[in-house]
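A short write-up of the structure that comes next.
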Amino acid sequence: MGAARDPGAGRGYGFMMFGFLLLLVGSYIGLFRAPTEAFMGDVYRIMYVHVPTAWNTMLAFTFAFFCALLFLFRGDFKWDSRHEAAVEVGVMLSGLLCMQGSLWAKPTWGVWWDWDPRLTTTAVMFFSFAGILALRRFVDDPVKRATWSAAATIVAYVDVPIVYFSVRWWNSLHQMQSSPETVSAPFLIPLRTNAFGVLFLMTGLIMLRARVAALRLEQELAPPLPPPHAAPSLQPEPAR
Amino acid sequence: MRDLLAALHKEALLQWRSRAQLLAVFVFGATSLLLFSFAVGPHAELLRENAAGFLWLGLLLASTLTLAETYQAEMEQRALEGLLLLPASPPALYYGKALSNWFQLTLLGSGLVPLMVVLYDANVPRPLALFAVIALGCAGLSAPGTLYAAMTHQARSRQTLLPLLLFPLVVPVLIASVKATSLLMTGDPMGQLRPWMLLLACFDALHWSLCGLLFGRVVED
């Protein structure tokens, strides 16, 4: 219903539906068609959601970083709404990423969590951006909220490339980034399908959440309605 | 440069007038060191091994008290707005504040070292090198801490918000400082001290420049 009235929301739902469809197809191939991995057995199949989540988490935070920069330079609140949406979706994805990683780590590494550089930097990234969401909740002035959270995002974004390169820079228990060089060909089709699935799902979510943020801001900036008892009544002008 | 010197002079005056605050923060840090030893128990070897971690955790917790008060004087009678109306550049104001916080935290960290030696029987064979590590680590805390304090001092629940924003960001500082301090106290046969100090210096250079650039936008809006 809402989608019919709001073309922006309609596009967001469209992206989400397409992403969900791709995820269904990719997960079906990954769960039932892709071969079993030689060392980990069937446990490896969590890779088909874990790796796409990791890629898209970084994309969401990178988008948030550019939105923060554009807001600071242009001062247009549409970038603030997109920034808020991207940070929120990125935090949700990085939370999911940590949970999926723990589920994969227990049967393969024997522990739910390890203080490995990749895991530590990912946890730091999650908490840094969750702090920015908290900052937004505690600031009432829309201009200050937008400016401060944009500045905090730019500072926090320093961790994102460190997360990506941590497996190359330090000795890590975590495997290297998944690519055609590190993943065999039969595993690539479901991996890529799910990566695009999560990408479309994330894009749809960001579009919808940005729309909600923009509507909230509109409501916030609108002049308050007068209380019912203070409504002016029409009175004839007194005779001079 | 003249703006920066004027800002530093103002901060030095403010620090001198509120020296009781620094003493209170030192007592807080010392109490933290005492409490950490209860968490481990009276095991001399274990306490000595963890002394570097306890020192930096105590310093990190105490730093939030110092950083949260950074803009207290400017908040009274809206003096910050007055400062921004002066023909002084916002980066000069920021670097004045950040340098002042750096000085306070380095003083605090250096003051906690003798206490760590007494409480944990820690060995400090190279006090000057330890001072350099403390100075580098405190620079990493004060640069983002001063920027975040500028944001949180006007927000609701600023006492909660500042650590919430600062702690995840300074994890690399905490890790590198603890490692470097530990290597100084327990020996460095593999020559690892230099890379950890280099990591601290890189973090400092990045955040001192980035936060200085962003400060103007944060206080002007």
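Here's how to read the names in the structure tokens: chain A, B, ... by the order shown, residue numbers from 1 in each chain, ligand numbers from 1 in the order shown.
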Counting only C-alpha atoms, chain A residues within 6 Å of chain B, as a count of residues only: 7
Extract, using only C-alpha atoms, all DNA, RNA and protein residues at most 7 Å from segment 7-21 of chain B, discarding same-chain residues fewer than 2 positions from it, and format them as a short mmCIF file (atom, residue, chain, number, x, y, z; two decimals) with N, CA and C atoms, in the first residue's frame.
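File result_2.cif, as written:
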data_model
loop_
_atom_site.label_atom_id
_atom_site.label_comp_id
_atom_site.auth_asym_id
_atom_site.auth_seq_id
_atom_site.Cartn_x
_atom_site.Cartn_y
_atom_site.Cartn_z
N ASP B 3 47.95 31.95 17.21
CA ASP B 3 46.66 31.49 17.74
C ASP B 3 46.86 30.27 18.64
N LEU B 4 47.72 29.36 18.15
CA LEU B 4 47.96 28.13 18.90
C LEU B 4 48.63 28.45 20.24
N LEU B 5 49.60 29.36 20.21
CA LEU B 5 50.29 29.72 21.46
C LEU B 5 49.33 30.38 22.44
N LEU B 23 44.49 16.00 40.38
CA LEU B 23 44.80 15.19 41.56
C LEU B 23 43.70 14.15 41.79
N ALA B 24 42.45 14.58 41.61
CA ALA B 24 41.32 13.66 41.79
C ALA B 24 41.38 12.54 40.76
N VAL B 25 41.74 12.88 39.51
CA VAL B 25 41.83 11.86 38.45
C VAL B 25 42.98 10.90 38.77
N ALA B 92 43.45 25.82 15.76
CA ALA B 92 44.32 26.29 16.85
C ALA B 92 43.67 25.98 18.20
N LEU B 93 42.34 26.19 18.27
CA LEU B 93 41.62 25.89 19.53
C LEU B 93 41.71 24.39 19.81
N GLY B 96 45.23 23.35 20.85
CA GLY B 96 45.48 23.83 22.21
C GLY B 96 44.88 22.87 23.22
N LYS B 97 43.63 22.48 23.00
CA LYS B 97 42.93 21.55 23.90
C LYS B 97 43.61 20.18 23.90
N SER B 100 46.94 20.14 25.58
CA SER B 100 46.73 20.24 27.03
C SER B 100 46.30 18.88 27.61
#
Point-to-point distance from atom CA of Gly145 of chain B to atom CA of Thr70 of chain B, Å rounded to tenths: 9.3 Å
Just want the 9 Å neighbourhood of segment 127-129 of chain B, counted on only C-alpha atoms, with same-chain residues fewer than 4 positions away dropped. Output as a PDB file with N, CA, C and O atoms, in the first residue's frame.
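Written file, out14.pdb:
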ATOM      1  N   VAL B 133      56.866   5.693  25.504  1.00  0.00           N
ATOM      2  CA  VAL B 133      55.678   4.879  25.171  1.00  0.00           C
ATOM      3  C   VAL B 133      54.427   5.526  25.757  1.00  0.00           C
ATOM      4  O   VAL B 133      53.389   5.627  25.077  1.00  0.00           O
ATOM      5  N   ILE B 134      54.541   5.992  27.009  1.00  0.00           N
ATOM      6  CA  ILE B 134      53.378   6.636  27.647  1.00  0.00           C
ATOM      7  C   ILE B 134      52.985   7.891  26.864  1.00  0.00           C
ATOM      8  O   ILE B 134      51.797   8.134  26.612  1.00  0.00           O
ATOM      9  N   THR B 181      54.883  -1.536  26.486  1.00  0.00           N
ATOM     10  CA  THR B 181      55.217  -1.422  27.917  1.00  0.00           C
ATOM     11  C   THR B 181      55.665  -2.776  28.456  1.00  0.00           C
ATOM     12  O   THR B 181      56.641  -2.874  29.207  1.00  0.00           O
ATOM     13  N   LEU B 184      59.121  -3.606  27.385  1.00  0.00           N
ATOM     14  CA  LEU B 184      60.109  -2.818  28.132  1.00  0.00           C
ATOM     15  C   LEU B 184      60.345  -3.400  29.520  1.00  0.00           C
ATOM     16  O   LEU B 184      61.440  -3.335  30.056  1.00  0.00           O
TER      17      LEU B 184
END
All helix (DSSP H, G or I) residues (DSSP, backbone) inside segment 139-215 of chain B, as number ranges by chain: B: 139-152, 158-169, 171-186, 193-215
Within 8 Å of Tyr48 of chain A using only C-alpha atoms, minus same-chain residues under 6 positions, as a ChimeraX atom specification: /A:26-27,30,190-191,194
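Closest approach to Tyr157 of chain A among A:Phe15, A:Trp55, A:Phe63, A:Trp112: A:Phe63, based on only C-alpha atoms.
Of note, atom CA of Thr62 of chain A and atom CA of Val87 of chain A are spaced 9.4 Å apart.
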Shell of 10 Å around Leu84 of chain B, only C-alpha atoms, local chain residues under 3 positions omitted, as a ChimeraX atom specification: /B:79-81,87-90,93,216,219-220
Mind writing the picked residues with N, CA, C and O atoms as a PDB file, in the first residue's frame?
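Output (part.pdb):
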ATOM      1  N   ALA B  79      31.041  30.229  26.707  1.00  0.00           N
ATOM      2  CA  ALA B  79      32.314  30.847  26.321  1.00  0.00           C
ATOM      3  C   ALA B  79      32.845  30.298  25.003  1.00  0.00           C
ATOM      4  O   ALA B  79      33.592  30.987  24.308  1.00  0.00           O
ATOM      5  N   LEU B  80      32.425  29.073  24.647  1.00  0.00           N
ATOM      6  CA  LEU B  80      32.914  28.483  23.394  1.00  0.00           C
ATOM      7  C   LEU B  80      32.466  29.324  22.186  1.00  0.00           C
ATOM      8  O   LEU B  80      33.237  29.548  21.254  1.00  0.00           O
ATOM      9  N   GLU B  81      31.206  29.784  22.260  1.00  0.00           N
ATOM     10  CA  GLU B  81      30.702  30.630  21.157  1.00  0.00           C
ATOM     11  C   GLU B  81      31.524  31.901  21.061  1.00  0.00           C
ATOM     12  O   GLU B  81      31.839  32.370  19.969  1.00  0.00           O
ATOM     13  N   PRO B  87      38.964  36.094  16.060  1.00  0.00           N
ATOM     14  CA  PRO B  87      39.638  35.735  14.789  1.00  0.00           C
ATOM     15  C   PRO B  87      40.703  34.649  14.992  1.00  0.00           C
ATOM     16  O   PRO B  87      41.810  34.753  14.476  1.00  0.00           O
ATOM     17  N   ALA B  88      40.374  33.630  15.766  1.00  0.00           N
ATOM     18  CA  ALA B  88      41.296  32.500  15.979  1.00  0.00           C
ATOM     19  C   ALA B  88      40.770  31.316  15.192  1.00  0.00           C
ATOM     20  O   ALA B  88      39.564  31.102  15.126  1.00  0.00           O
ATOM     21  N   SER B  89      41.652  30.540  14.584  1.00  0.00           N
ATOM     22  CA  SER B  89      41.173  29.417  13.769  1.00  0.00           C
ATOM     23  C   SER B  89      40.767  28.262  14.666  1.00  0.00           C
ATOM     24  O   SER B  89      41.414  28.003  15.687  1.00  0.00           O
ATOM     25  N   PRO B  90      39.666  27.538  14.307  1.00  0.00           N
ATOM     26  CA  PRO B  90      39.247  26.382  15.107  1.00  0.00           C
ATOM     27  C   PRO B  90      40.355  25.330  15.277  1.00  0.00           C
ATOM     28  O   PRO B  90      40.486  24.777  16.370  1.00  0.00           O
ATOM     29  N   LEU B  93      42.344  26.191  18.273  1.00  0.00           N
ATOM     30  CA  LEU B  93      41.620  25.887  19.527  1.00  0.00           C
ATOM     31  C   LEU B  93      41.705  24.393  19.814  1.00  0.00           C
ATOM     32  O   LEU B  93      41.929  23.976  20.958  1.00  0.00           O
ATOM     33  N   GLY B 216      36.750  21.920  13.215  1.00  0.00           N
ATOM     34  CA  GLY B 216      36.063  23.144  12.791  1.00  0.00           C
ATOM     35  C   GLY B 216      34.603  22.880  12.470  1.00  0.00           C
ATOM     36  O   GLY B 216      33.711  23.619  12.884  1.00  0.00           O
ATOM     37  N   VAL B 219      32.425  22.111  15.788  1.00  0.00           N
ATOM     38  CA  VAL B 219      32.042  23.189  16.715  1.00  0.00           C
ATOM     39  C   VAL B 219      31.322  24.346  16.029  1.00  0.00           C
ATOM     40  O   VAL B 219      30.635  25.120  16.691  1.00  0.00           O
ATOM     41  N   GLU B 220      31.467  24.458  14.713  1.00  0.00           N
ATOM     42  CA  GLU B 220      30.880  25.622  14.050  1.00  0.00           C
ATOM     43  C   GLU B 220      29.394  25.469  13.794  1.00  0.00           C
ATOM     44  O   GLU B 220      28.676  26.444  13.734  1.00  0.00           O
TER      45      GLU B 220
END
Just the residues within 12 Å of Leu130 of chain B, please, counting only C-alpha atoms, with nothing from its chain fewer than 2 positions along; format it as a short mmCIF file (atom, residue, chain, number, x, y, z; two decimals) with C-alpha atoms, in the first residue's frame.
data_model
loop_
_atom_site.label_atom_id
_atom_site.label_comp_id
_atom_site.auth_asym_id
_atom_site.auth_seq_id
_atom_site.Cartn_x
_atom_site.Cartn_y
_atom_site.Cartn_z
CA ALA B 52 51.45 -3.27 31.70
CA LEU B 55 48.59 0.38 33.95
CA THR B 106 51.19 11.88 30.10
CA GLY B 109 50.52 7.99 33.25
CA SER B 110 54.00 8.87 34.49
CA LEU B 112 50.96 5.92 37.94
CA VAL B 113 54.24 4.14 37.04
CA PRO B 114 55.83 4.30 40.54
CA ASN B 123 60.63 -3.98 36.75
CA VAL B 124 61.31 -0.74 34.82
CA PRO B 125 64.87 -0.98 33.47
CA ARG B 126 64.43 1.80 30.84
CA PRO B 127 62.35 4.60 32.41
CA LEU B 128 62.98 7.07 29.56
CA ALA B 132 58.22 7.73 25.42
CA VAL B 133 55.68 4.88 25.17
CA ILE B 134 53.38 6.64 27.65
CA ALA B 135 53.69 9.91 25.70
CA LEU B 136 52.90 8.18 22.37
CA GLY B 137 49.98 6.22 23.86
CA SER B 177 50.88 0.53 24.33
CA VAL B 178 50.38 -2.59 26.44
CA LYS B 179 52.68 -4.64 24.18
CA ALA B 180 55.39 -1.95 24.13
CA THR B 181 55.22 -1.42 27.92
CA SER B 182 55.27 -5.16 28.53
CA LEU B 183 58.32 -5.60 26.24
CA LEU B 184 60.11 -2.82 28.13
CA MET B 185 59.41 -4.47 31.48
CA LEU B 193 59.42 -2.78 20.55
CA MET B 197 56.04 2.14 18.76
#
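Atom to atom, atom CA of Trp56 of chain B and atom CA of Trp196 of chain B stand 14.8 Å apart.
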Counting only C-alpha atoms, the residue of A:Gly197, A:Asp80, A:Thr203, A:Gln219 that sits nearest Gly19 of chain A: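 Looking only at the distances to Gly19 of chain A, the closest residue turns out to be A:Gly197.
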Shortest interatomic distance to Gly53 of chain B - which of B:Ala139, B:Leu198, B:Val27, B:Ala122, counting only C-alpha atoms: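 Of B:Ala139, B:Leu198, B:Val27, B:Ala122, the one nearest Gly53 of chain B, counting only C-alpha atoms, is B:Ala122.
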